[in-house]
$ cat start_31.txt   # compact mmCIF, C-alpha atoms
# COMPACT_ATOMS: atom_id res chain seq x y z
CA MET A 1 112.16 36.90 166.71
CA GLY A 2 110.39 39.32 164.41
CA ARG A 3 107.26 38.37 162.49
CA THR A 4 109.09 38.59 159.17
CA SER A 5 111.91 36.30 160.30
CA THR A 6 109.44 33.83 161.71
CA SER A 7 107.46 33.88 158.50
CA VAL A 8 110.53 33.36 156.35
CA LEU A 9 111.66 30.44 158.50
CA ALA A 10 108.17 28.98 158.44
CA GLY A 11 108.06 29.36 154.68
CA ILE A 12 111.39 27.61 154.21
CA ALA A 13 110.31 24.91 156.60
CA GLY A 14 107.05 24.56 154.67
CA VAL A 15 108.94 23.97 151.45
CA LEU A 16 111.17 21.41 153.13
CA LEU A 17 108.15 19.75 154.69
CA LEU A 18 106.49 19.41 151.33
CA SER A 19 109.65 17.78 150.02
CA ALA A 20 109.49 15.34 152.90
CA LEU A 21 105.85 14.70 152.14
CA ALA A 22 106.65 14.11 148.49
CA ALA A 23 109.21 11.54 149.49
CA ALA A 24 106.59 9.92 151.68
CA GLN A 25 104.30 9.37 148.70
CA GLY A 26 106.29 6.33 147.66
CA ASP A 27 106.39 4.96 144.16
CA ALA A 28 102.67 5.06 143.41
CA PRO A 29 101.95 6.05 139.79
CA ARG A 30 101.46 9.77 139.42
CA SER A 31 98.11 10.93 138.09
CA PRO A 32 97.76 14.31 136.38
CA TRP A 33 94.33 14.59 138.01
CA LYS A 34 95.55 14.18 141.56
CA TYR A 35 97.04 16.94 143.66
CA TYR A 36 100.30 16.04 145.33
CA PRO A 37 101.88 17.91 148.24
CA GLU A 38 104.85 18.89 146.12
CA ASP A 39 102.45 20.66 143.77
CA ALA A 40 101.75 23.15 146.54
CA ARG A 41 105.38 24.13 146.71
CA ALA A 42 106.10 27.77 145.98
CA ASN A 43 108.97 28.59 143.70
CA VAL A 44 112.16 29.47 145.49
CA GLY A 45 113.59 32.95 145.08
CA PRO A 46 112.41 35.72 142.76
CA GLY A 47 112.75 33.59 139.64
CA GLY A 48 113.98 36.50 137.58
CA PRO A 49 112.59 39.93 136.72
CA ALA A 50 108.86 40.52 136.50
CA PRO A 51 107.50 40.32 132.96
CA SER A 52 106.08 43.57 131.65
CA ARG A 53 102.32 44.10 132.04
CA ASP A 54 101.60 40.48 132.83
CA LEU A 55 99.88 39.01 135.88
CA THR A 56 98.81 35.85 134.09
CA GLY A 57 99.42 32.69 136.02
CA THR A 58 98.64 30.67 139.09
CA TRP A 59 99.31 32.31 142.41
CA ALA A 60 99.43 30.94 145.94
CA GLY A 61 98.43 32.97 148.98
CA GLU A 62 99.24 32.65 152.65
CA ALA A 63 96.56 30.04 153.38
CA SER A 64 97.43 27.86 150.39
CA GLY A 65 99.84 25.56 152.17
CA ALA A 66 102.70 26.82 150.02
CA GLY A 67 104.52 28.64 152.80
CA VAL A 68 103.67 32.14 151.58
CA LYS A 69 104.30 34.82 154.20
CA PRO A 70 101.31 36.30 156.06
CA GLY A 71 99.98 39.62 154.86
CA ILE A 72 99.09 42.83 156.64
CA ARG A 73 95.58 42.73 158.07
CA PRO A 74 92.95 45.44 157.57
CA GLU A 75 93.54 48.36 159.88
CA ASN A 76 92.04 48.15 163.32
CA PRO A 77 90.20 50.05 164.69
CA PRO A 78 88.47 51.29 161.58
CA PRO A 79 87.84 55.07 161.28
CA LEU A 80 84.06 54.81 161.35
CA THR A 81 81.49 57.56 160.96
CA PRO A 82 78.48 57.40 163.31
CA LEU A 83 76.51 55.57 160.60
CA GLY A 84 79.44 53.27 160.01
CA LYS A 85 79.60 52.45 163.71
CA GLN A 86 75.89 51.76 163.78
CA LEU A 87 76.22 49.25 160.96
CA PHE A 88 79.42 47.75 162.34
CA ASP A 89 77.77 47.16 165.72
CA ARG A 90 75.16 44.98 164.05
CA ASN A 91 77.82 42.57 162.88
CA HIS A 92 79.09 39.91 165.24
CA PRO A 93 82.18 38.35 163.68
CA GLN A 94 83.47 35.05 164.91
CA GLY A 95 86.45 35.44 167.26
CA PRO A 96 87.73 34.70 170.74
CA THR A 97 84.48 35.78 172.39
CA VAL A 98 81.99 35.10 169.60
CA LEU A 99 81.80 31.48 168.56
CA VAL A 100 80.59 30.12 165.25
CA ALA A 101 77.33 29.30 167.03
CA ASN A 102 76.78 32.96 167.86
CA THR A 103 78.14 34.85 164.88
CA ASN A 104 75.92 36.43 162.25
CA ASP A 105 78.63 36.25 159.62
CA PRO A 106 76.60 35.60 156.46
CA HIS A 107 79.29 33.31 155.10
CA LEU A 108 79.87 31.24 158.22
CA ARG A 109 76.17 30.80 158.93
CA TYR A 110 74.64 30.63 155.46
CA CYS A 111 77.39 29.91 152.92
CA ASP A 112 76.86 33.35 151.38
CA PRO A 113 79.76 34.28 149.11
CA PHE A 114 82.27 36.61 150.72
CA GLY A 115 81.82 39.13 147.96
CA PHE A 116 84.40 41.78 147.20
CA PRO A 117 86.57 43.06 148.85
CA ARG A 118 86.46 40.35 151.53
CA ASN A 119 87.33 37.68 148.97
CA MET A 120 90.65 39.47 148.47
CA ASN A 121 91.54 39.90 152.15
CA ASP A 122 90.17 36.77 153.87
CA GLN A 123 91.05 33.11 153.31
CA ILE A 124 93.78 33.93 150.83
CA ARG A 125 94.47 30.53 149.35
CA SER A 126 94.99 30.25 145.64
CA MET A 127 94.26 32.53 142.71
CA THR A 128 94.62 32.36 138.96
CA ILE A 129 94.73 35.47 136.81
CA THR A 130 93.91 35.20 133.14
CA THR A 131 93.61 37.93 130.57
CA LEU A 132 91.48 38.59 127.50
CA PRO A 133 92.04 41.56 125.18
CA ASN A 134 89.33 43.59 126.93
CA ARG A 135 89.27 42.24 130.48
CA THR A 136 91.13 40.40 133.17
CA PHE A 137 89.63 37.59 135.21
CA VAL A 138 90.66 36.79 138.75
CA LEU A 139 89.72 33.22 139.60
CA ILE A 140 89.63 32.72 143.36
CA ALA A 141 90.00 29.19 144.67
CA PHE A 142 88.22 29.72 147.97
CA GLN A 143 84.52 29.29 147.28
CA THR A 144 85.21 28.96 143.54
CA GLN A 145 84.61 32.61 142.74
CA TYR A 146 85.65 34.79 139.85
CA ARG A 147 85.98 38.52 139.33
CA GLU A 148 85.71 40.34 136.02
CA ILE A 149 87.86 43.45 135.55
CA TRP A 150 87.25 45.44 132.40
CA THR A 151 90.27 46.96 130.67
CA ASP A 152 88.57 48.39 127.57
CA GLY A 153 88.66 51.95 128.85
CA ARG A 154 85.13 52.14 130.18
CA THR A 155 84.44 54.09 133.36
CA LEU A 156 82.71 52.80 136.47
CA PRO A 157 78.90 53.05 136.62
CA THR A 158 77.68 56.04 138.57
CA ASN A 159 74.21 54.88 139.52
CA VAL A 160 74.32 51.57 141.33
CA GLY A 161 71.49 50.58 143.61
CA GLY A 162 69.38 53.59 142.68
CA ARG A 163 66.09 53.87 140.87
CA GLY A 164 65.50 54.63 137.22
CA ARG A 165 66.27 53.03 133.91
CA ASP A 166 69.94 53.95 134.08
CA ALA A 167 70.45 52.25 137.46
CA HIS A 168 72.63 49.20 137.91
CA ASP A 169 72.08 46.46 140.44
CA PRO A 170 74.62 45.97 143.20
CA THR A 171 76.54 42.69 142.81
CA TYR A 172 78.61 40.55 145.12
CA ASN A 173 81.83 41.52 143.35
CA GLY A 174 80.78 44.97 142.18
CA TYR A 175 81.87 46.56 138.92
CA SER A 176 85.60 46.70 138.20
CA VAL A 177 87.87 48.48 135.76
CA GLY A 178 91.62 48.09 135.54
CA ARG A 179 94.60 49.86 134.00
CA TRP A 180 98.38 49.54 134.04
CA GLU A 181 99.89 52.34 136.08
CA ASP A 182 103.36 51.27 134.98
CA ASP A 183 104.79 48.08 133.52
CA TYR A 184 104.49 46.21 136.81
CA THR A 185 101.53 47.77 138.62
CA PHE A 186 97.95 46.96 137.67
CA VAL A 187 95.41 49.24 139.38
CA VAL A 188 91.80 48.10 139.76
CA GLU A 189 88.90 50.33 140.83
CA THR A 190 85.67 48.72 141.98
CA THR A 191 82.29 50.01 143.12
CA GLY A 192 78.69 48.81 143.41
CA MET A 193 79.24 45.93 145.83
CA ASP A 194 76.21 44.47 147.54
CA PRO A 195 76.12 46.24 150.93
CA GLN A 196 74.87 43.11 152.67
CA THR A 197 78.33 41.60 152.39
CA TRP A 198 81.07 42.31 154.88
CA ALA A 199 84.22 44.05 153.68
CA THR A 200 86.37 41.98 156.04
CA GLU A 201 86.22 38.92 158.24
CA SER A 202 85.97 41.29 161.20
CA GLY A 203 82.62 42.59 160.01
CA TYR A 204 83.58 45.99 158.61
CA PRO A 205 80.57 47.29 156.68
CA HIS A 206 80.54 49.01 153.32
CA SER A 207 77.95 50.94 151.38
CA VAL A 208 77.03 50.43 147.74
CA GLU A 209 78.90 53.65 146.98
CA ALA A 210 82.17 52.34 148.41
CA ARG A 211 85.06 52.58 146.01
CA VAL A 212 87.88 50.11 146.40
CA THR A 213 91.33 50.57 144.89
CA GLU A 214 93.59 47.58 144.43
CA ARG A 215 97.21 47.78 143.38
CA PHE A 216 98.59 44.49 142.06
CA GLN A 217 102.33 44.96 142.01
CA ARG A 218 104.46 42.28 140.39
CA LYS A 219 107.81 42.65 142.07
CA SER A 220 109.52 39.70 140.39
CA LYS A 221 108.53 36.72 138.28
CA ASN A 222 107.46 34.86 141.42
CA ASP A 223 106.19 37.67 143.66
CA LEU A 224 102.92 39.56 143.55
CA THR A 225 101.77 42.02 146.20
CA LEU A 226 98.21 43.27 146.47
CA THR A 227 97.52 46.46 148.43
CA THR A 228 93.91 47.51 148.94
CA THR A 229 92.17 50.63 150.22
CA MET A 230 88.47 51.44 150.44
CA ASP A 231 87.00 54.92 150.20
CA ASP A 232 83.47 55.00 151.62
CA PRO A 233 82.78 58.49 153.06
CA LYS A 234 79.33 57.52 154.36
CA LEU A 235 80.80 54.94 156.68
CA TYR A 236 84.46 55.89 157.16
CA THR A 237 86.02 59.24 157.96
CA ARG A 238 88.95 58.59 155.63
CA PRO A 239 90.03 55.87 153.19
CA LEU A 240 90.30 52.57 155.02
CA ARG A 241 93.45 50.49 154.63
CA LEU A 242 92.34 46.95 153.88
CA GLY A 243 95.86 45.62 154.14
CA GLU A 244 98.32 43.87 151.96
CA VAL A 245 98.43 40.27 150.81
CA TYR A 246 101.25 38.37 149.16
CA PHE A 247 101.20 35.78 146.44
CA ARG A 248 103.84 33.48 145.02
CA TRP A 249 103.75 32.00 141.56
CA ILE A 250 103.25 28.24 141.45
CA PRO A 251 103.52 26.51 138.08
CA SER A 252 101.31 23.48 138.67
CA GLN A 253 98.86 24.72 141.25
CA THR A 254 95.56 22.91 141.39
CA PHE A 255 92.56 24.37 143.12
CA PHE A 256 91.28 22.40 146.05
CA ASN A 257 87.54 22.15 146.24
CA THR A 258 86.61 24.62 148.96
CA THR A 259 83.11 25.37 147.79
CA CYS A 260 80.70 25.92 150.65
CA ILE A 261 77.83 23.48 150.17
CA PRO A 262 74.74 24.67 152.07
CA SER A 263 73.58 21.16 152.99
CA SER A 264 77.06 20.32 154.33
CA LEU A 265 77.20 23.57 156.27
CA GLN A 266 73.82 22.88 157.82
CA ARG A 267 75.05 19.50 159.05
CA TYR A 268 78.26 21.07 160.34
CA LEU A 269 76.38 23.76 162.26
CA LYS A 270 73.66 21.50 163.62
CA GLU A 271 75.85 18.57 164.60
CA MET A 272 79.10 20.31 165.51
CA ALA A 273 79.43 24.09 165.76
CA ASP A 274 76.13 24.94 167.44
CA PRO A 275 76.36 22.32 170.20
CA ALA A 276 79.99 23.38 170.69
CA GLY A 277 79.06 26.97 171.30
CA ASN A 278 75.53 27.07 172.54
CA PRO A 279 74.47 24.91 175.51
CA SER A 280 70.83 25.04 174.44
CA ALA A 281 71.78 23.43 171.14
CA ALA A 282 73.65 20.59 172.85
CA ARG A 283 71.94 17.24 173.01
CA MET B 284 119.67 12.42 166.85
CA LYS B 285 120.64 15.72 165.24
CA ALA B 286 118.91 14.72 162.02
CA LYS B 287 115.78 13.80 163.97
CA VAL B 288 115.71 17.20 165.69
CA VAL B 289 116.19 18.98 162.37
CA MET B 290 113.36 16.99 160.79
CA MET B 291 111.12 17.79 163.77
CA LEU B 292 111.82 21.51 163.34
CA ILE B 293 111.11 21.26 159.64
CA LEU B 294 107.79 19.54 160.18
CA VAL B 295 106.62 21.87 162.94
CA GLY B 296 107.64 24.95 160.96
CA GLY B 297 106.06 23.66 157.81
CA LEU B 298 102.75 22.98 159.45
CA ALA B 299 102.82 26.42 161.02
CA ALA B 300 103.09 27.83 157.53
CA MET B 301 100.16 25.83 156.24
CA ASP B 302 96.61 26.90 156.00
CA SER B 303 97.11 29.53 158.67
CA GLN B 304 93.85 31.33 158.10
CA SER B 305 91.59 28.31 158.03
CA PHE B 306 91.84 27.62 161.78
CA ALA B 307 90.79 31.19 162.45
CA HIS B 308 87.95 30.68 160.00
CA HIS B 309 86.10 28.44 162.44
CA GLY B 310 88.23 29.19 165.48
CA GLY B 311 89.09 27.07 168.49
CA ALA B 312 87.71 29.20 171.33
CA ALA B 313 84.81 26.78 171.87
CA PHE B 314 86.99 23.90 172.99
CA GLU B 315 88.72 22.88 176.18
CA MET B 316 92.32 22.52 175.06
CA LYS B 317 93.97 21.48 178.34
CA ALA B 318 93.62 17.72 178.01
CA PRO B 319 91.90 15.68 175.33
CA VAL B 320 89.10 13.27 176.12
CA VAL B 321 90.18 9.76 175.16
CA LEU B 322 87.57 7.54 173.54
CA LYS B 323 89.12 4.11 173.66
CA ASN B 324 87.76 1.52 171.23
CA ALA B 325 85.26 3.90 169.70
CA THR B 326 83.41 2.73 166.61
CA ILE B 327 83.28 5.05 163.62
CA THR B 328 79.69 5.54 162.51
CA GLU B 329 80.33 8.13 159.79
CA PHE B 330 83.23 10.06 158.31
CA LEU B 331 82.01 13.12 156.46
CA TRP B 332 84.60 14.57 154.09
CA ILE B 333 82.93 17.94 153.81
CA ASN B 334 83.54 21.66 153.88
CA PRO B 335 83.94 23.67 156.00
CA HIS B 336 85.39 20.83 158.11
CA PRO B 337 85.42 17.05 157.86
CA LEU B 338 83.43 15.46 160.67
CA ILE B 339 84.14 12.22 162.51
CA LYS B 340 81.11 10.61 164.13
CA ALA B 341 81.70 7.75 166.52
CA ASP B 342 80.01 5.67 169.19
CA TYR B 343 81.85 5.25 172.45
CA LYS B 344 80.80 3.00 175.31
CA ASP B 345 81.50 4.68 178.66
CA ALA B 346 82.48 2.99 181.92
CA GLN B 347 78.82 2.33 182.72
CA GLY B 348 78.27 0.67 179.36
CA LYS B 349 76.22 3.55 178.04
CA VAL B 350 76.85 4.43 174.41
CA GLN B 351 77.85 8.04 173.79
CA GLN B 352 77.47 9.46 170.29
CA TRP B 353 80.35 11.83 169.54
CA THR B 354 80.96 14.29 166.72
CA MET B 355 84.31 15.99 166.14
CA GLU B 356 85.74 18.26 163.48
CA LEU B 357 89.09 18.17 161.74
CA GLY B 358 90.97 21.12 160.35
CA GLY B 359 90.01 22.13 156.84
CA ILE B 360 90.19 19.63 153.98
CA VAL B 361 93.15 21.45 152.41
CA GLY B 362 95.34 21.10 155.48
CA ALA B 363 94.10 17.57 156.13
CA GLN B 364 94.97 16.45 152.60
CA LEU B 365 98.42 17.95 152.86
CA VAL B 366 99.15 15.87 155.96
CA GLY B 367 97.92 12.66 154.41
CA TRP B 368 94.18 12.46 155.11
CA SER B 369 91.67 11.40 152.50
CA ARG B 370 87.97 10.67 152.44
CA THR B 371 88.72 7.00 153.17
CA THR B 372 91.13 7.40 156.07
CA LEU B 373 88.27 6.47 158.40
CA GLN B 374 85.33 4.28 157.47
CA GLU B 375 82.14 3.17 159.17
CA GLY B 376 82.82 0.27 161.49
CA ASP B 377 86.48 1.07 162.16
CA VAL B 378 87.35 0.56 165.82
CA VAL B 379 89.88 3.15 166.91
CA THR B 380 90.93 5.30 169.84
CA LEU B 381 90.02 8.94 169.37
CA TYR B 382 91.46 11.92 171.20
CA VAL B 383 89.26 14.98 171.18
CA TRP B 384 89.31 18.49 172.66
CA GLN B 385 85.78 18.60 174.02
CA ALA B 386 83.50 21.62 173.72
CA LYS B 387 83.32 23.80 176.81
CA THR B 388 79.54 23.42 176.75
CA GLY B 389 79.99 19.78 177.77
CA ALA B 390 78.26 18.55 174.64
CA LEU B 391 79.65 15.39 173.09
CA VAL B 392 81.34 17.35 170.34
CA GLY B 393 84.86 18.64 169.97
CA ARG B 394 87.92 19.43 167.98
CA PHE B 395 89.73 16.34 166.80
CA ASN B 396 93.26 15.78 168.11
CA LYS B 397 94.43 12.37 166.87
CA VAL B 398 93.39 8.81 166.19
CA ASP B 399 95.16 5.58 167.11
CA PHE B 400 94.36 2.78 164.70
CA ALA B 401 94.16 -0.91 165.59
CA ASP B 402 97.43 -1.57 163.79
CA GLY B 403 99.27 0.77 166.16
CA THR B 404 99.61 3.68 163.75
CA THR B 405 98.42 7.22 164.45
CA MET B 406 97.03 10.08 162.36
CA ARG B 407 96.86 13.61 163.68
CA ASP B 408 94.95 16.75 162.94
CA SER B 409 96.79 19.33 160.84
CA GLN B 410 96.12 22.14 163.29
CA THR B 411 95.48 20.73 166.77
CA GLY B 412 97.15 17.35 166.42
CA ALA B 413 100.02 17.81 168.84
CA ASP B 414 99.65 16.38 172.32
CA ASP B 415 99.46 19.91 173.72
CA GLY B 416 96.84 20.98 171.17
CA GLY B 417 99.27 22.79 168.94
CA ARG B 418 100.12 21.89 165.41
CA ALA B 419 101.14 18.32 164.83
CA ASP B 420 104.74 17.24 164.64
CA THR B 421 103.97 14.51 162.17
CA ASP B 422 102.80 14.53 158.61
CA VAL B 423 101.62 11.09 157.63
CA ARG B 424 100.29 7.98 159.32
CA ARG B 425 102.90 6.32 161.44

$ encode --input "start_31.txt" --output "structure tokens"
Amino acid sequence: MGRTSTSVLAGIAGVLLLSALAAAQGDAPRSPWKYYPEDARANVGPGGPAPSRDLTGTWAGEASGAGVKPGIRPENPPPLTPLGKQLFDRNHPQGPTVLVANTNDPHLRYCDPFGFPRNMNDQIRSMTITTLPNRTFVLIAFQTQYREIWTDGRTLPTNVGGRGRDAHDPTYNGYSVGRWEDDYTFVVETTGMDPQTWATESGYPHSVEARVTERFQRKSKNDLTLTTTMDDPKLYTRPLRLGEVYFRWIPSQTFFNTTCIPSSLQRYLKEMADPAGNPSAAR
Amino acid sequence: MKAKVVMMLILVGGLAAMDSQSFAHHGGAAFEMKAPVVLKNATITEFLWINPHPLIKADYKDAQGKVQQWTMELGGIVGAQLVGWSRTTLQEGDVVTLYVWQAKTGALVGRFNKVDFADGTTMRDSQTGADDGGRADTDVRR
């Protein structure tokens, strides 16, 4: 069975499961402050045509529990330059042969924020988009992060990470500007991301000069597709495809608390992950 | 019987759709997934409802009477909540039987599989709660 068919079946089954879970809740009084399994249920079907120039709302991703289909992962292998390979080789992402105990993933070991663009291609749980007259905010449930995308016509800064009075500091989410390409496609350009962050879970590096292009395409009232590419000529021989992720609109979505608490992480690593992966750390 | 099979398919499929990235987040390669270690009549010493993973800590008396101090992780809080877990599902002093996929290092740590309570009910992990280590076929305590 193809991946798409499997995903669709899994999604349908997820919706049905949540119905079963809802039924299992019994007759306990419902609290508006509590999150119920049925609240994670994605809307069924397209829900009608996409509204014009509007991404506002609460969106569920593939890891939200709402049965949203899996996205397309960042391309592998990445088209690295020699410098890119040198930086990539320093990163040891967690995987089948590298355990949590042995990774140097700054998030998994130290609770560092993912930063952009990783926070839009890894752990895609829930997202709210809200709009002001001059900017759009993307509120990301995982790690309780937000991104600020300016829509007032400004251009991206040209001197990030350099010296001089006109220089701008790199930031975890970089500097973003957005514009409507057509009534249903919002294009966001971002640069100036802190180069200490990883671009992907698999440890792809990026420089401060990297320029990321996101295309948020609202295909129906309930469907949003995000396609991302990264142009970073120092580290990649051509623009890198960072994949595609899918979101479904959920009317009453509540963010779970997935903040990484450093003291909790330290206990988790010391008492669980390190002994599990490193014999010298075992008691 | 047919209805039972359909419900089983629904539950398995639904769990497969849940929280798919979070298991990869802190993956399962560290654990021996062939057969769980069974800690009969273990005493819960702490239940930490934390990110990135809730931890169960329990004392287990082995055949020689020596007390082993175990630590095991659940799937992420999101997935756990959606299959009925809460921060009070386990409490200090509870005597239960724990099933755990032990770390390959041999340390007394592992990936949680399921828990049998004194009243005969069972709760499973959202990601490795099936008897073969796959996703659980059940959603709430039963």

$ closest_residue --input "start_31.txt" --among "A:Pro46, A:Pro70, A:Pro195, A:Pro51" --to "chain B" --atoms "only C-alpha atoms"
A:Pro70

$ atom_distance --input "start_31.txt" --atom1 "CA of Ser263 (chain A)" --atom2 "CA of Asn334 (chain B)"
10.0 Å

$ atom_distance --input "start_31.txt" --atom1 "CA of Lys34 (chain A)" --atom2 "CA of Lys397 (chain B)"
25.4 Å

$ atom_distance --input "start_31.txt" --atom1 "CA of Lys340 (chain B)" --atom2 "CA of Thr97 (chain A)"
26.7 Å

$ closest_residue --input "start_31.txt" --among "B:Val383, B:Ile333, B:Met316, B:Ala341" --to "Gly359 (chain B)" --atoms "all atoms listed in the file"
B:Ile333

$ closest_residue --input "start_31.txt" --among "B:Gly358, B:Gly403, B:Leu373, B:Tyr382" --to "Arg418 (chain B)" --atoms "all atoms listed in the file"
B:Gly358

$ closest_residue --input "start_31.txt" --among "A:Gly84, A:Ile140, A:Val245, A:Ala276" --to "Ala210 (chain A)" --atoms "all atoms listed in the file"
A:Gly84

$ residues_around --input "start_31.txt" --residues "region 398-400 of chain B" --least-positions-apart "2" --cutoff "8 Å" --atoms "only C-alpha atoms" --output "list in words"
Val378, Val379, Thr380, Leu381, Tyr382, Asn396, Asp402, Gly403, Thr404, Thr405, Met406 and Arg407 of chain B

$ closest_residue --input "start_31.txt" --among "A:Glu209, A:Asp274, A:Asp223, A:Glu201" --to "Leu55 (chain A)" --atoms "only C-alpha atoms"
A:Asp223

$ residues_around --input "start_31.txt" --residues "Thr171 (chain A)" --least-positions-apart "3" --cutoff "6 Å" --atoms "all atoms listed in the file" --output "compact mmCIF listing (two decimals) with C-alpha atoms, in the coordinates of the input"
# COMPACT_ATOMS: atom_id res chain seq x y z
CA GLY A 174 80.78 44.97 142.18
CA MET A 193 79.24 45.93 145.83
CA ASP A 194 76.21 44.47 147.54

$ residues_around --input "start_31.txt" --residues "region 212-214 of chain A" --least-positions-apart "5" --cutoff "9 Å" --atoms "all atoms listed in the file" --output "NGL selection string"
:A and (117 or 186-191 or 226-232)

$ write_last_selection --input "start_31.txt" --atoms "C-alpha atoms" --output "PDB file, in the coordinates of the input"
ATOM      1  CA  PRO A 117      86.570  43.060 148.850  1.00  0.00           C
ATOM      2  CA  PHE A 186      97.950  46.960 137.670  1.00  0.00           C
ATOM      3  CA  VAL A 187      95.410  49.240 139.380  1.00  0.00           C
ATOM      4  CA  VAL A 188      91.800  48.100 139.760  1.00  0.00           C
ATOM      5  CA  GLU A 189      88.900  50.330 140.830  1.00  0.00           C
ATOM      6  CA  THR A 190      85.670  48.720 141.980  1.00  0.00           C
ATOM      7  CA  THR A 191      82.290  50.010 143.120  1.00  0.00           C
ATOM      8  CA  LEU A 226      98.210  43.270 146.470  1.00  0.00           C
ATOM      9  CA  THR A 227      97.520  46.460 148.430  1.00  0.00           C
ATOM     10  CA  THR A 228      93.910  47.510 148.940  1.00  0.00           C
ATOM     11  CA  THR A 229      92.170  50.630 150.220  1.00  0.00           C
ATOM     12  CA  MET A 230      88.470  51.440 150.440  1.00  0.00           C
ATOM     13  CA  ASP A 231      87.000  54.920 150.200  1.00  0.00           C
ATOM     14  CA  ASP A 232      83.470  55.000 151.620  1.00  0.00           C
TER      15      ASP A 232
END

$ residues_near_point --input "start_31.txt" --point "(80.5, 53.0, 165.8)" --cutoff "12 Å" --atoms "only C-alpha atoms" --output "JSON, numbers by chain"
{"A": [77, 78, 79, 80, 81, 82, 83, 84, 85, 86, 87, 88, 89, 90, 91, 204, 205, 235, 236, 237]}

$ residues_around --input "start_31.txt" --residues "Phe395 (chain B)" --least-positions-apart "4" --cutoff "6 Å" --atoms "all atoms listed in the file" --output "number ranges by chain"
B: 355-357, 383

$ write_last_selection --input "start_31.txt" --atoms "C-alpha atoms" --output "short mmCIF file (atom, residue, chain, number, x, y, z; two decimals), in the coordinates of the input"
data_model
loop_
_atom_site.label_atom_id
_atom_site.label_comp_id
_atom_site.auth_asym_id
_atom_site.auth_seq_id
_atom_site.Cartn_x
_atom_site.Cartn_y
_atom_site.Cartn_z
CA MET B 355 84.31 15.99 166.14
CA GLU B 356 85.74 18.26 163.48
CA LEU B 357 89.09 18.17 161.74
CA VAL B 383 89.26 14.98 171.18
#

$ closest_residue --input "start_31.txt" --among "B:Thr328, B:Lys317, B:Leu365, B:Lys344" --to "chain A" --atoms "all atoms listed in the file"
B:Leu365

$ residues_around --input "start_31.txt" --residues "Lys387 (chain B)" --least-positions-apart "6" --cutoff "6 Å" --atoms "only C-alpha atoms" --output "PDB file with C-alpha atoms, keeping the file's coordinate frame"
ATOM      1  CA  ALA B 313      84.810  26.780 171.870  1.00  0.00           C
ATOM      2  CA  PHE B 314      86.990  23.900 172.990  1.00  0.00           C
ATOM      3  CA  GLU B 315      88.720  22.880 176.180  1.00  0.00           C
TER       4      GLU B 315
END
